[in-house]
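Novice: Supplied structure: structure_17.csv, CSV, C-alpha atoms.
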chain,number,residue,atom,x,y,z
Z,1,MET,CA,0.0,0.0,0.0
Z,2,LYS,CA,2.8,2.4,0.9
Z,3,ARG,CA,4.6,1.6,-2.3
Z,4,THR,CA,1.5,2.2,-4.3
Z,5,ASN,CA,0.9,5.6,-2.6
Z,6,ALA,CA,4.5,6.6,-3.2
Z,7,LEU,CA,4.3,5.6,-6.8
Z,8,LEU,CA,1.0,7.5,-7.3
Z,9,THR,CA,2.6,10.6,-5.6
Z,10,THR,CA,5.6,10.4,-7.9
Z,11,LEU,CA,3.5,10.0,-11.0
Z,12,LEU,CA,1.3,12.9,-10.0
Z,13,PHE,CA,4.3,15.1,-9.3
Z,14,ALA,CA,5.8,14.1,-12.6
Z,15,ALA,CA,2.5,14.8,-14.4
Z,16,VAL,CA,2.3,18.2,-12.9
Z,17,LEU,CA,5.9,19.0,-13.9
Z,18,PHE,CA,5.3,17.7,-17.4
Z,19,GLY,CA,2.1,19.6,-17.8
Z,20,LEU,CA,3.7,22.9,-16.7
Z,21,ALA,CA,6.7,22.3,-19.0
Z,22,LEU,CA,4.4,21.4,-21.9
Z,23,PHE,CA,2.2,24.5,-21.3
Z,24,ALA,CA,5.3,26.7,-21.2
Z,25,TRP,CA,6.5,25.4,-24.5
Z,26,ILE,CA,3.2,25.5,-26.5
Z,27,SER,CA,1.8,28.8,-25.1
Z,28,PRO,CA,3.0,31.9,-26.8
Z,29,PRO,CA,5.5,33.9,-24.8
Z,30,GLN,CA,4.3,37.1,-23.2
Z,31,SER,CA,6.3,40.2,-24.0
Z,32,TYR,CA,5.4,42.4,-21.0
Z,33,SER,CA,4.3,41.9,-17.4
Z,34,TYR,CA,1.8,44.5,-16.4
Z,35,ALA,CA,2.0,43.2,-12.8
Z,36,GLU,CA,5.8,43.7,-12.6
Z,37,ARG,CA,6.0,46.7,-15.0
Z,38,ARG,CA,8.8,45.3,-17.1
Z,39,ALA,CA,9.5,43.5,-20.3
Z,40,LEU,CA,9.8,39.7,-20.1
Z,41,ALA,CA,12.7,37.7,-21.4
Z,42,GLN,CA,12.2,36.0,-24.7
Z,43,LYS,CA,13.3,32.6,-26.0
Z,44,PRO,CA,17.0,32.8,-26.9
Z,45,GLN,CA,18.4,31.6,-30.2
Z,46,LEU,CA,20.1,28.2,-30.0
Z,47,THR,CA,23.4,28.4,-32.0
Z,48,ALA,CA,26.8,26.9,-31.6
Z,49,LYS,CA,28.2,30.3,-30.6
Z,50,THR,CA,25.6,31.0,-27.9
Z,51,VAL,CA,26.1,27.5,-26.5
Z,52,GLU,CA,29.9,27.9,-26.5
Z,53,ASN,CA,30.0,31.2,-24.8
Z,54,GLY,CA,27.3,30.2,-22.2
Z,55,THR,CA,24.8,33.0,-23.1
Z,56,PHE,CA,22.2,30.5,-24.2
Z,57,MET,CA,21.8,28.8,-20.9
Z,58,SER,CA,21.9,32.0,-18.9
Z,59,SER,CA,19.3,33.6,-21.2
Z,60,PHE,CA,17.2,30.4,-21.2
Z,61,ASP,CA,17.1,30.5,-17.4
Z,62,SER,CA,15.8,34.1,-17.5
Z,63,TYR,CA,13.3,33.1,-20.2
Z,64,SER,CA,12.0,30.0,-18.3
Z,65,MET,CA,11.5,32.0,-15.1
Z,66,ASP,CA,9.7,34.9,-16.9
Z,67,GLN,CA,7.5,32.7,-19.0
Z,68,PHE,CA,6.6,30.2,-16.2
Z,69,PRO,CA,2.9,29.2,-16.2
Z,70,ALA,CA,0.8,31.1,-13.7
Z,71,ARG,CA,3.8,33.2,-12.7
Z,72,ASP,CA,1.8,36.0,-11.2
Z,73,GLY,CA,-0.2,33.6,-9.1
Z,74,PHE,CA,2.9,32.0,-7.7
Z,75,ARG,CA,4.4,35.4,-7.0
Z,76,SER,CA,1.3,36.4,-5.0
Z,77,LEU,CA,1.3,33.1,-3.1
Z,78,LYS,CA,5.0,33.6,-2.1
Z,79,ALA,CA,4.3,37.2,-1.0
Z,80,VAL,CA,1.3,36.2,1.1
Z,81,LEU,CA,3.2,33.4,2.8
Z,82,ALA,CA,6.2,35.7,3.5
Z,83,ARG,CA,4.0,38.3,5.1
Z,84,TYR,CA,1.1,36.6,6.8
Z,85,VAL,CA,2.6,33.1,7.6
Z,86,PHE,CA,6.3,33.8,8.2
Z,87,ALA,CA,5.7,37.4,9.4
Z,88,ARG,CA,8.6,38.9,7.4
Z,89,LYS,CA,8.8,42.7,7.6
Z,90,ASP,CA,9.6,42.9,3.9
Z,91,ASN,CA,9.5,40.8,0.8
Z,92,ASN,CA,12.4,41.3,-1.6
Z,93,GLY,CA,12.9,44.8,-0.1
Z,94,LEU,CA,9.2,45.8,-0.4
Z,95,TYR,CA,7.2,46.6,2.7
Z,96,SER,CA,3.9,48.2,3.7
Z,97,VAL,CA,2.9,50.5,6.6
Z,98,ASN,CA,-0.6,51.8,7.1
Z,99,GLY,CA,-1.6,50.8,3.6
Z,100,TYR,CA,1.4,52.5,1.9
Z,101,VAL,CA,3.9,50.2,0.2
Z,102,SER,CA,7.5,51.2,-0.3
Z,103,ARG,CA,10.9,49.7,-1.2
Z,104,LEU,CA,14.0,49.7,1.0
Z,105,GLU,CA,16.6,52.1,-0.5
Z,106,TYR,CA,19.5,51.4,1.7
Z,107,PRO,CA,22.4,51.8,2.4
Z,108,LEU,CA,23.7,55.1,1.0
Z,109,ASN,CA,26.0,54.5,-1.9
Z,110,GLU,CA,28.6,57.2,-1.5
Z,111,SER,CA,30.5,56.4,-4.7
Z,112,ARG,CA,27.3,56.7,-6.8
Z,113,MET,CA,26.3,60.0,-5.0
Z,114,THR,CA,29.7,61.4,-5.7
Z,115,ALA,CA,29.6,60.3,-9.3
Z,116,ALA,CA,26.2,62.0,-9.7
Z,117,GLY,CA,27.7,65.2,-8.3
Z,118,LYS,CA,30.6,65.0,-10.7
Z,119,LYS,CA,28.1,64.5,-13.6
Z,120,LEU,CA,26.3,67.7,-12.7
Z,121,ARG,CA,29.6,69.5,-12.3
Z,122,GLN,CA,30.6,68.4,-15.8
Z,123,ILE,CA,27.4,69.9,-17.2
Z,124,GLU,CA,28.0,73.2,-15.4
Z,125,ASP,CA,31.6,73.4,-16.6
Z,126,THR,CA,30.6,72.5,-20.2
Z,127,TYR,CA,27.5,74.6,-20.6
Z,128,LEU,CA,27.0,77.1,-17.8
Z,129,ALA,CA,30.5,78.5,-17.3
Z,130,GLY,CA,30.8,82.0,-18.7
Z,131,THR,CA,27.1,82.5,-19.0
Z,132,ASP,CA,24.6,84.4,-16.9
Z,133,CYS,CA,22.7,81.2,-16.0
Z,134,THR,CA,21.8,80.6,-12.3
Z,135,ALA,CA,22.0,77.0,-11.1
Z,136,TYR,CA,19.9,75.4,-8.3
Z,137,LEU,CA,19.9,72.0,-6.8
Z,138,CYS,CA,16.9,70.2,-5.3
Z,139,VAL,CA,17.3,66.6,-4.0
Z,140,ILE,CA,13.9,64.8,-3.6
Z,141,PRO,CA,13.8,62.4,-0.6
Z,142,ASP,CA,12.5,59.0,-1.8
Z,143,LYS,CA,9.4,57.5,-0.3
Z,144,ASN,CA,11.5,55.2,2.0
Z,145,ILE,CA,13.3,58.1,3.6
Z,146,VAL,CA,9.9,59.6,4.5
Z,147,MET,CA,8.2,56.3,5.6
Z,148,GLY,CA,11.3,54.6,7.0
Z,149,SER,CA,12.0,57.4,9.5
Z,150,GLU,CA,8.4,57.2,10.7
Z,151,SER,CA,8.2,53.4,11.0
Z,152,GLY,CA,11.6,52.1,11.9
Z,153,TYR,CA,12.8,50.8,8.6
Z,154,PRO,CA,16.4,51.7,7.6
Z,155,ALA,CA,16.8,54.7,5.2
Z,156,ILE,CA,19.7,56.6,3.8
Z,157,ASP,CA,20.9,59.8,5.5
Z,158,LEU,CA,19.4,62.6,3.3
Z,159,GLN,CA,21.7,65.3,4.6
Z,160,GLN,CA,24.7,63.2,3.8
Z,161,ALA,CA,23.4,62.4,0.4
Z,162,VAL,CA,22.9,66.1,-0.4
Z,163,PHE,CA,26.3,66.9,1.0
Z,164,LEU,CA,28.0,64.4,-1.2
Z,165,VAL,CA,26.2,65.6,-4.4
Z,166,GLN,CA,26.7,69.3,-3.6
Z,167,GLN,CA,30.4,68.8,-2.6
Z,168,GLN,CA,31.1,67.6,-6.1
Z,169,ALA,CA,28.6,69.7,-8.1
Z,170,GLU,CA,29.5,72.9,-6.2
Z,171,ILE,CA,26.1,74.3,-6.6
Z,172,PRO,CA,25.7,76.9,-3.8
Z,173,ARG,CA,21.9,77.3,-4.2
Z,174,VAL,CA,20.2,74.3,-2.6
Z,175,ILE,CA,16.5,74.1,-2.2
Z,176,SER,CA,15.4,71.9,0.6
Z,177,ILE,CA,11.9,70.3,0.6
Z,178,GLU,CA,12.2,67.4,3.1
Z,179,ASP,CA,10.3,69.3,5.8
Z,180,LEU,CA,7.3,69.6,3.5
Z,181,LEU,CA,7.0,65.9,2.7
Z,182,THR,CA,4.9,63.2,4.4
Z,183,ALA,CA,3.9,59.7,3.3
Z,184,ASP,CA,0.5,61.1,2.2
Z,185,ASP,CA,2.2,63.2,-0.5
Z,186,PHE,CA,3.1,59.9,-2.3
Z,187,TYR,CA,0.8,57.4,-4.0
Z,188,ARG,CA,0.1,54.5,-1.7
Z,189,THR,CA,1.1,51.9,-4.3
Z,190,ASP,CA,3.9,53.8,-6.1
Z,191,GLN,CA,7.2,55.6,-5.5
Z,192,HIS,CA,6.0,58.9,-7.1
Z,193,TRP,CA,4.4,61.8,-5.4
Z,194,ARG,CA,0.9,63.1,-6.0
Z,195,GLN,CA,0.7,66.3,-8.0
Z,196,GLU,CA,-2.3,67.6,-6.0
Z,197,ALA,CA,-0.3,67.2,-2.8
Z,198,ILE,CA,2.9,69.0,-3.9
Z,199,THR,CA,1.7,72.6,-4.6
Z,200,ASP,CA,3.6,73.7,-1.5
Z,201,ILE,CA,6.8,72.1,-2.9
Z,202,ALA,CA,6.3,73.8,-6.3
Z,203,ASP,CA,5.7,77.1,-4.4
Z,204,ARG,CA,9.0,76.8,-2.5
Z,205,ILE,CA,11.0,75.8,-5.6
Z,206,GLY,CA,9.5,78.5,-7.8
Z,207,SER,CA,9.8,81.2,-5.1
Z,208,ALA,CA,13.4,80.3,-4.6
Z,209,MET,CA,14.2,80.9,-8.2
Z,210,LEU,CA,11.7,83.7,-9.1
Z,211,GLY,CA,11.1,85.4,-5.7
Z,212,SER,CA,7.8,86.8,-4.5
Z,213,SER,CA,6.5,87.1,-8.1
Z,214,PHE,CA,5.8,83.4,-8.1
Z,215,SER,CA,3.2,81.5,-6.1
Z,216,CYS,CA,1.6,78.1,-6.4
Z,217,ARG,CA,-1.6,77.4,-4.4
Z,218,PRO,CA,-4.0,74.6,-4.8
Z,219,GLU,CA,-7.0,77.0,-5.0
Z,220,ASP,CA,-5.5,78.5,-8.2
Z,221,TYR,CA,-6.1,75.2,-10.1
Z,222,GLU,CA,-9.0,73.0,-11.2
Z,223,GLU,CA,-8.5,69.5,-10.0
Z,224,LYS,CA,-9.4,66.8,-12.4
Z,225,THR,CA,-9.5,63.0,-11.8
Z,226,LEU,CA,-8.3,60.3,-14.2
Z,227,GLU,CA,-11.0,57.7,-14.7
Z,228,GLN,CA,-8.5,54.8,-15.0
Z,229,ALA,CA,-7.5,53.3,-11.7
Z,230,PHE,CA,-3.8,53.3,-10.9
Z,231,THR,CA,-1.9,50.4,-9.3
Z,232,GLY,CA,1.6,51.6,-8.9
Z,233,ALA,CA,4.9,49.9,-9.5
Z,234,TYR,CA,5.6,49.1,-5.8
Z,235,ALA,CA,2.2,47.3,-5.3
Z,236,SER,CA,2.7,45.4,-8.6
Z,237,GLN,CA,6.2,44.3,-7.6
Z,238,ALA,CA,5.0,43.4,-4.1
Z,239,ALA,CA,2.4,41.0,-5.5
Z,240,LEU,CA,0.0,41.7,-2.6
Z,241,PRO,CA,-3.5,42.9,-2.9
Z,242,PHE,CA,-3.6,46.7,-2.5
Z,243,ALA,CA,-6.5,49.0,-3.3
Z,244,PRO,CA,-5.6,51.1,-6.4
Z,245,ASP,CA,-4.7,54.8,-6.2
Z,246,THR,CA,-6.5,57.6,-8.0
Z,247,ILE,CA,-4.5,60.0,-10.2
Z,248,ARG,CA,-5.6,63.6,-10.0
Z,249,TYR,CA,-4.1,66.4,-12.0
Z,250,LEU,CA,-4.2,70.2,-11.8
Z,251,THR,CA,-5.0,72.6,-14.6
Z,252,ASP,CA,-5.9,76.2,-15.3
Z,253,PRO,CA,-6.2,78.4,-18.4
Z,254,VAL,CA,-2.5,79.1,-18.4
Z,255,LEU,CA,-1.5,75.4,-18.5
Z,256,GLU,CA,-4.2,74.7,-21.1
Z,257,ALA,CA,-2.7,77.4,-23.4
Z,258,CYS,CA,0.8,76.0,-23.1
Z,259,THR,CA,2.3,74.2,-26.0
Z,260,VAL,CA,4.6,71.2,-25.5
Z,261,THR,CA,7.2,69.9,-28.1
Z,262,SER,CA,9.0,66.6,-27.7
Z,263,TYR,CA,12.4,66.0,-29.1
Z,264,ASN,CA,12.5,62.4,-27.9
Z,265,THR,CA,13.4,61.1,-31.4
Z,266,GLY,CA,15.5,64.1,-32.4
Z,267,VAL,CA,12.6,65.4,-34.5
Z,268,PRO,CA,10.1,67.9,-33.0
Z,269,LYS,CA,6.8,66.4,-32.3
Z,270,GLU,CA,3.7,67.7,-30.5
Z,271,ALA,CA,3.3,66.6,-26.9
Z,272,PHE,CA,1.1,67.5,-24.0
Z,273,VAL,CA,1.2,68.7,-20.5
Z,274,TYR,CA,-1.3,66.0,-19.6
Z,275,ASP,CA,-1.2,63.1,-22.1
Z,276,LEU,CA,-4.6,61.3,-21.8
Z,277,GLU,CA,-3.7,58.8,-24.4
Z,278,LYS,CA,-0.6,57.7,-22.4
Z,279,ALA,CA,-2.7,57.7,-19.2
Z,280,ALA,CA,-4.9,55.0,-20.7
Z,281,GLY,CA,-1.8,52.8,-21.4
Z,282,LYS,CA,0.2,50.4,-19.3
Z,283,ASP,CA,1.4,53.1,-16.8
Z,284,PRO,CA,-1.2,55.8,-16.1
Z,285,TYR,CA,1.5,58.0,-14.4
Z,286,GLU,CA,2.7,58.7,-18.0
Z,287,LEU,CA,-0.2,61.2,-18.0
Z,288,PHE,CA,2.3,63.8,-16.8
Z,289,LEU,CA,4.4,65.1,-19.6
Z,290,SER,CA,4.0,61.9,-21.6
Z,291,GLY,CA,6.2,59.9,-19.2
Z,292,SER,CA,9.8,59.2,-20.0
Z,293,ASP,CA,11.0,61.7,-22.6
Z,294,ALA,CA,14.6,62.7,-23.3
Z,295,LEU,CA,13.8,66.4,-24.0
Z,296,LEU,CA,10.7,68.5,-23.9
Z,297,VAL,CA,10.0,72.2,-24.4
Z,298,ILE,CA,7.1,73.8,-22.7
Z,299,GLU,CA,6.1,77.3,-23.9
Z,300,ASN,CA,3.8,79.6,-22.0
Z,301,PRO,CA,2.5,82.4,-24.2
Z,302,ALA,CA,0.7,84.0,-21.2
Z,303,CYS,CA,3.9,84.8,-19.4
Z,304,GLU,CA,4.8,88.5,-19.7
Z,305,GLU,CA,8.4,87.9,-18.7
Z,306,GLU,CA,11.0,86.5,-21.0
Z,307,LYS,CA,12.4,84.3,-18.3
Z,308,GLU,CA,13.4,80.7,-19.2
Z,309,LEU,CA,14.1,77.6,-17.1
Z,310,VAL,CA,16.1,74.4,-17.9
Z,311,VAL,CA,15.2,71.5,-15.7
Z,312,PHE,CA,17.4,68.4,-15.5
Z,313,ARG,CA,15.1,65.8,-13.9
Z,314,ASP,CA,14.0,62.2,-13.4
Z,315,SER,CA,10.4,60.9,-13.4
Z,316,PHE,CA,9.5,62.9,-10.2
Z,317,GLY,CA,9.8,66.1,-12.3
Z,318,SER,CA,7.0,65.0,-14.6
Z,319,CYS,CA,4.2,66.2,-12.4
Z,320,LEU,CA,6.2,69.0,-10.7
Z,321,VAL,CA,7.4,70.9,-13.8
Z,322,PRO,CA,3.9,71.9,-15.0
Z,323,LEU,CA,3.3,73.7,-11.7
Z,324,LEU,CA,6.3,75.9,-12.5
Z,325,ALA,CA,5.1,76.8,-15.9
Z,326,GLU,CA,3.2,79.9,-14.6
Z,327,GLY,CA,6.5,81.7,-14.0
Z,328,TYR,CA,8.4,81.1,-17.2
Z,329,ARG,CA,7.9,81.8,-20.9
Z,330,LYS,CA,9.8,78.7,-21.8
Z,331,ILE,CA,10.9,75.5,-19.9
Z,332,THR,CA,13.2,73.0,-21.3
Z,333,VAL,CA,13.0,69.6,-19.6
Z,334,VAL,CA,15.9,67.3,-19.9
Z,335,ASP,CA,16.2,63.6,-18.8
Z,336,LEU,CA,19.9,62.6,-18.9
Z,337,ARG,CA,18.9,58.9,-18.6
Z,338,TYR,CA,17.8,59.1,-22.3
Z,339,LEU,CA,19.9,61.9,-23.7
Z,340,ARG,CA,23.7,62.1,-23.6
Z,341,SER,CA,24.9,65.3,-22.1
Z,342,GLU,CA,27.2,65.8,-25.1
Z,343,MET,CA,24.2,66.4,-27.3
Z,344,LEU,CA,22.7,69.3,-25.2
Z,345,SER,CA,24.2,72.0,-27.4
Z,346,GLN,CA,22.2,70.7,-30.4
Z,347,TYR,CA,19.0,71.7,-28.6
Z,348,ILE,CA,19.8,74.3,-25.9
Z,349,GLU,CA,21.7,77.6,-26.1
Z,350,PHE,CA,22.6,78.4,-22.5
Z,351,THR,CA,22.6,82.2,-21.9
Z,352,ASP,CA,20.8,83.6,-18.8
Z,353,GLN,CA,18.3,80.8,-17.9
Z,354,ASP,CA,17.5,79.5,-14.4
Z,355,VAL,CA,18.9,75.9,-14.3
Z,356,LEU,CA,17.3,73.5,-11.9
Z,357,PHE,CA,18.9,70.1,-11.1
Z,358,LEU,CA,15.9,68.2,-9.7
Z,359,TYR,CA,16.7,64.6,-8.8
Z,360,SER,CA,15.4,62.0,-6.4
Z,361,THR,CA,17.6,60.0,-4.1
Z,362,LEU,CA,16.4,56.9,-5.9
Z,363,VAL,CA,18.2,58.0,-9.0
Z,364,LEU,CA,21.2,59.6,-7.3
Z,365,ASN,CA,21.9,56.6,-5.2
Z,366,ASN,CA,22.0,54.6,-8.4
Z,367,SER,CA,23.6,57.2,-10.6
Z,368,ILE,CA,24.9,54.8,-13.1
Z,369,ALA,CA,21.7,55.7,-15.0
Z,370,LEU,CA,22.8,59.4,-15.4
Rewrite the structure from the file as C-alpha cells, please.
Specialist:
Amino acid sequence: MKRTNALLTTLLFAAVLFGLALFAWISPPQSYSYAERRALAQKPQLTAKTVENGTFMSSFDSYSMDQFPARDGFRSLKAVLARYVFARKDNNGLYSVNGYVSRLEYPLNESRMTAAGKKLRQIEDTYLAGTDCTAYLCVIPDKNIVMGSESGYPAIDLQQAVFLVQQQAEIPRVISIEDLLTADDFYRTDQHWRQEAITDIADRIGSAMLGSSFSCRPEDYEEKTLEQAFTGAYASQAALPFAPDTIRYLTDPVLEACTVTSYNTGVPKEAFVYDLEKAAGKDPYELFLSGSDALLVIENPACEEEKELVVFRDSFGSCLVPLLAEGYRKITVVDLRYLRSEMLSQYIEFTDQDVLFLYSTLVLNNSIAL
C-alpha cells in the first residue's frame, strides 16, 4: 500500500511538472508583465556560438522564469506566505505600513552619489561657465526616507546624500523640501508623489528661483480626476492585494494654453502637459508630460516675462514641472537617462536661464543611470 501511494505521488508530481513544461512550450511567450511593470525575457536563439559562450543557458534561465505558467499567481502566493505566515517585515525589499507600500533604498551608496555630483559639475563646466545662468539643486527624498524614518525601517541619510552631491557639483543654491513631505504626499502603491499634494513644494522651488512674483496654491487650479485606476509599481512588484490609487491632476487656463514639443526622437513632435492617451496605457503615471521623454520644451504664451528655465530631472519632475510653468515663458525639460549630455548643445543655447537640477535620491543613489 505504501509503495502504491509513493508511486502515485511520484506519478502525480511528474505529471504536474510535465504539464507545466508542456504548457510553457506551447503557449505563446508574453512580451510584457503588467504586474511587474517590465519587459519579459524571450526565448534565446540556439546556436553553436551561444552554447559555446554560455549565453544560451543564462538567457534560457531568465526566459523560463519569466514565462513560467501562472507566474503571477505563484508570486502572489509567495508574497502572502512571506507576510502573513512567516511574518517577514519585507518581501524582496518591499514593505507596507498603514496601507502605503515602499521599497527599501539602503544603504547610502557614497560612490554613486559622488559620481552624480561630478556629472552635474561636468554639465556646469561645459554649458554654464561664462554664462549668466543661475543653477539650483533640489534633492527629492525618496518614499523610503519619509516612511522609514516614521516606521523604523532603515533609510539613507538625506543630509549626507545632499552633501556628497553638492560637494562635487559645487552648486551653492540648494532648495530643501524634506520638511514639506509626508507619506501622504506619495501614491500609496507607487514611488512617485501626487501632483495635487505638492503645490507647496512647487511654491517653494518656484519662489526660490523667481522670488515673490511666483506662487503656487491649490486653490489656483482646477483638480481633475483620471478615470482609470492606478496600481503603482511598488504594489505590482510586491504581488500583494492593495486598493488602487486615484490619479488627479491640476490645470488652469495658463496650462491649457501652453504648447509642448517633444524632441525624444530628435525630430520635433507635438506633446502634451497631460497626455490622456498615455494615461490609458500600461502606466497611467505617464499622463504627466507623456512619461519618459529625453527632451521636452514647454512654452507659455501667457507669461509676460522672457524668463526661461532648464530642468534636469527624473520621473519625479514629470508632475512638478507643469506647476512651475506659470512663472516662465519657456521651460526645457531634460532627462539625462535618455539623452547624452554631449548632445545638449544641439537643442539648448545656455545664456541667462535658471537651471534646476531636480533629482530624487532613488536616481542619485543609483547614478549609473545618469
Novice: Using only C-alpha atoms for the distances, tell me which of Z:Ala197, Z:Ala48, Z:Val97, Z:Leu180 is nearest to Tyr153 (chain Z).
Specialist: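 Result for the nearest residue to Tyr153 (chain Z): Z:Val97.
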Novice: Fewer than 5 positions away in the same chain doesn't count, so skip those; otherwise give me all residues within 12 Å of Ile171 (chain Z), counting all atoms listed in the file, as an MDAnalysis selection string.
Specialist: chainID Z and resid 117:118 120:125 128 134:139 162:166 355:357
Novice: So which one's closest to Leu276 (chain Z), Z:Thr189, Z:Ser102, Z:Thr126, Z:Gln228? Using all atoms listed in the file, please.
Specialist: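 Result for the nearest residue to Leu276 (chain Z): Z:Gln228.
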Novice: Provide the CA of Gln167 (chain Z) to CA of Met113 (chain Z) distance in Å, to one decimal place.
Specialist: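 Between CA of Gln167 (chain Z) and CA of Met113 (chain Z) the gap is 10.0 Å.
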Novice: With distances taken over only C-alpha atoms, which residue among Z:Tyr285, Z:Tyr106, Z:Phe214, Z:Phe230 lies nearest His192 (chain Z)?
Specialist: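 Among Z:Tyr285, Z:Tyr106, Z:Phe214, Z:Phe230, it is Z:Tyr285 that comes nearest to His192 (chain Z).
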Novice: Quick one: of Z:Glu178, Z:Asp190, Z:Glu110, Z:Glu196, who's nearest to Gln160 (chain Z), counting only C-alpha atoms?
Specialist: Z:Glu110
Novice: Quick one: residues within 8 Å of Asn365 (chain Z), all atoms listed in the file counted, chain neighbours fewer than 3 positions away excluded, as a ChimeraX atom specification?
Specialist: /Z:108-110,112-113,361-362
Novice: To one decimal place, how far is CA of Ala302 (chain Z) from CA of Gly327 (chain Z) in Å?
Specialist: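 One can read the CA of Ala302 (chain Z) to CA of Gly327 (chain Z) distance as 9.5 Å.
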Novice: Just want the 10 Å neighbourhood of Tyr95 (chain Z), counted on all atoms listed in the file, with same-chain residues fewer than 4 positions away dropped. Output as a count of residues only.
Specialist: 17
Novice: Just to confirm, what's the straight-line distance from CA of Pro241 (chain Z) to CA of Asp283 (chain Z) in Å (one decimal)?
Specialist: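 About the pair CA of Pro241 (chain Z) and CA of Asp283 (chain Z): they are 17.9 Å apart.
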Novice: Show which residues sit within 9 Å of Ser318 (chain Z), as a VMD selection string. Count all atoms listed in the file, and ignore same-chain residues fewer than 6 positions away.
Specialist: chain Z and resid 285 to 292
Novice: Neighbours of Thr251 (chain Z) within 10 Å (only C-alpha atoms; same-chain residues fewer than 5 positions away dropped), as a list of chain:residue names?
Specialist: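 Within the cut-off, the hits are Z:Asp220, Z:Tyr221, Z:Glu222, Z:Glu223, Z:Lys224, Z:Glu256, Z:Val273, Z:Tyr274, Z:Pro322, Z:Leu323.
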Novice: Could you save the residues just selected, with C-alpha atoms, as a PDB file, keeping the file's coordinate frame?
Specialist:
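Saved as out.pdb:
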ATOM      1  CA  ASP Z 220      -5.500  78.500  -8.200  1.00  0.00           C
ATOM      2  CA  TYR Z 221      -6.100  75.200 -10.100  1.00  0.00           C
ATOM      3  CA  GLU Z 222      -9.000  73.000 -11.200  1.00  0.00           C
ATOM      4  CA  GLU Z 223      -8.500  69.500 -10.000  1.00  0.00           C
ATOM      5  CA  LYS Z 224      -9.400  66.800 -12.400  1.00  0.00           C
ATOM      6  CA  GLU Z 256      -4.200  74.700 -21.100  1.00  0.00           C
ATOM      7  CA  VAL Z 273       1.200  68.700 -20.500  1.00  0.00           C
ATOM      8  CA  TYR Z 274      -1.300  66.000 -19.600  1.00  0.00           C
ATOM      9  CA  PRO Z 322       3.900  71.900 -15.000  1.00  0.00           C
ATOM     10  CA  LEU Z 323       3.300  73.700 -11.700  1.00  0.00           C
TER      11      LEU Z 323
END
Novice: Given all atoms listed in the file as the basis, pick out the residue of Z:Val174, Z:Leu295, Z:Cys216, Z:Ala116 nearest to Leu370 (chain Z).
Specialist: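 Answer, going by the shortest atom-to-atom distance: Z:Ala116.
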Novice: Taking (22.2, 69.7, -27.7) in the coordinates of the supplied file, I want to know which residues reach to within 12 Å of it, counting all atoms listed in the file; could you give the answer as a list of chain:residue names?
Specialist: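 I get Z:Ile123, Z:Thr126, Z:Tyr127, Z:Tyr263, Z:Gly266, Z:Ala294, Z:Leu295, Z:Thr332, Z:Val334, Z:Leu336, Z:Leu339, Z:Arg340, Z:Ser341, Z:Glu342, Z:Met343, Z:Leu344, Z:Ser345, Z:Gln346, Z:Tyr347, Z:Ile348, Z:Glu349, Z:Phe350 for the residues within 12 Å of that point.
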Novice: Using only C-alpha atoms, please write the residues we just selected to a file, as a CSV table (one decimal), keeping the file's coordinate frame.
Specialist:
chain,number,residue,atom,x,y,z
Z,123,ILE,CA,27.4,69.9,-17.2
Z,126,THR,CA,30.6,72.5,-20.2
Z,127,TYR,CA,27.5,74.6,-20.6
Z,263,TYR,CA,12.4,66.0,-29.1
Z,266,GLY,CA,15.5,64.1,-32.4
Z,294,ALA,CA,14.6,62.7,-23.3
Z,295,LEU,CA,13.8,66.4,-24.0
Z,332,THR,CA,13.2,73.0,-21.3
Z,334,VAL,CA,15.9,67.3,-19.9
Z,336,LEU,CA,19.9,62.6,-18.9
Z,339,LEU,CA,19.9,61.9,-23.7
Z,340,ARG,CA,23.7,62.1,-23.6
Z,341,SER,CA,24.9,65.3,-22.1
Z,342,GLU,CA,27.2,65.8,-25.1
Z,343,MET,CA,24.2,66.4,-27.3
Z,344,LEU,CA,22.7,69.3,-25.2
Z,345,SER,CA,24.2,72.0,-27.4
Z,346,GLN,CA,22.2,70.7,-30.4
Z,347,TYR,CA,19.0,71.7,-28.6
Z,348,ILE,CA,19.8,74.3,-25.9
Z,349,GLU,CA,21.7,77.6,-26.1
Z,350,PHE,CA,22.6,78.4,-22.5
Novice: Here is a test: counting all atoms listed in the file, which residue of Z:Ile175, Z:Ile331, Z:Ala280, Z:Ala271 is nearest to Cys303 (chain Z)?
Specialist: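 That would be Z:Ile331, the residue with the smallest distance to Cys303 (chain Z).
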Novice: With C-alpha atoms as the atom set, please write region 260-279 of chain Z from the structure just given, as a PDB file, in the first residue's frame.
Specialist:
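Below is the file selection.pdb, written as the result:
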ATOM      1  CA  VAL Z 260       4.646  71.220 -25.538  1.00  0.00           C
ATOM      2  CA  THR Z 261       7.162  69.929 -28.072  1.00  0.00           C
ATOM      3  CA  SER Z 262       8.962  66.608 -27.708  1.00  0.00           C
ATOM      4  CA  TYR Z 263      12.432  66.000 -29.140  1.00  0.00           C
ATOM      5  CA  ASN Z 264      12.533  62.407 -27.913  1.00  0.00           C
ATOM      6  CA  THR Z 265      13.365  61.111 -31.401  1.00  0.00           C
ATOM      7  CA  GLY Z 266      15.452  64.124 -32.396  1.00  0.00           C
ATOM      8  CA  VAL Z 267      12.609  65.449 -34.535  1.00  0.00           C
ATOM      9  CA  PRO Z 268      10.149  67.942 -33.004  1.00  0.00           C
ATOM     10  CA  LYS Z 269       6.762  66.410 -32.294  1.00  0.00           C
ATOM     11  CA  GLU Z 270       3.670  67.735 -30.542  1.00  0.00           C
ATOM     12  CA  ALA Z 271       3.327  66.570 -26.948  1.00  0.00           C
ATOM     13  CA  PHE Z 272       1.069  67.472 -24.037  1.00  0.00           C
ATOM     14  CA  VAL Z 273       1.232  68.729 -20.462  1.00  0.00           C
ATOM     15  CA  TYR Z 274      -1.258  65.977 -19.649  1.00  0.00           C
ATOM     16  CA  ASP Z 275      -1.227  63.092 -22.121  1.00  0.00           C
ATOM     17  CA  LEU Z 276      -4.582  61.340 -21.751  1.00  0.00           C
ATOM     18  CA  GLU Z 277      -3.673  58.763 -24.383  1.00  0.00           C
ATOM     19  CA  LYS Z 278      -0.606  57.688 -22.416  1.00  0.00           C
ATOM     20  CA  ALA Z 279      -2.709  57.707 -19.246  1.00  0.00           C
TER      21      ALA Z 279
END
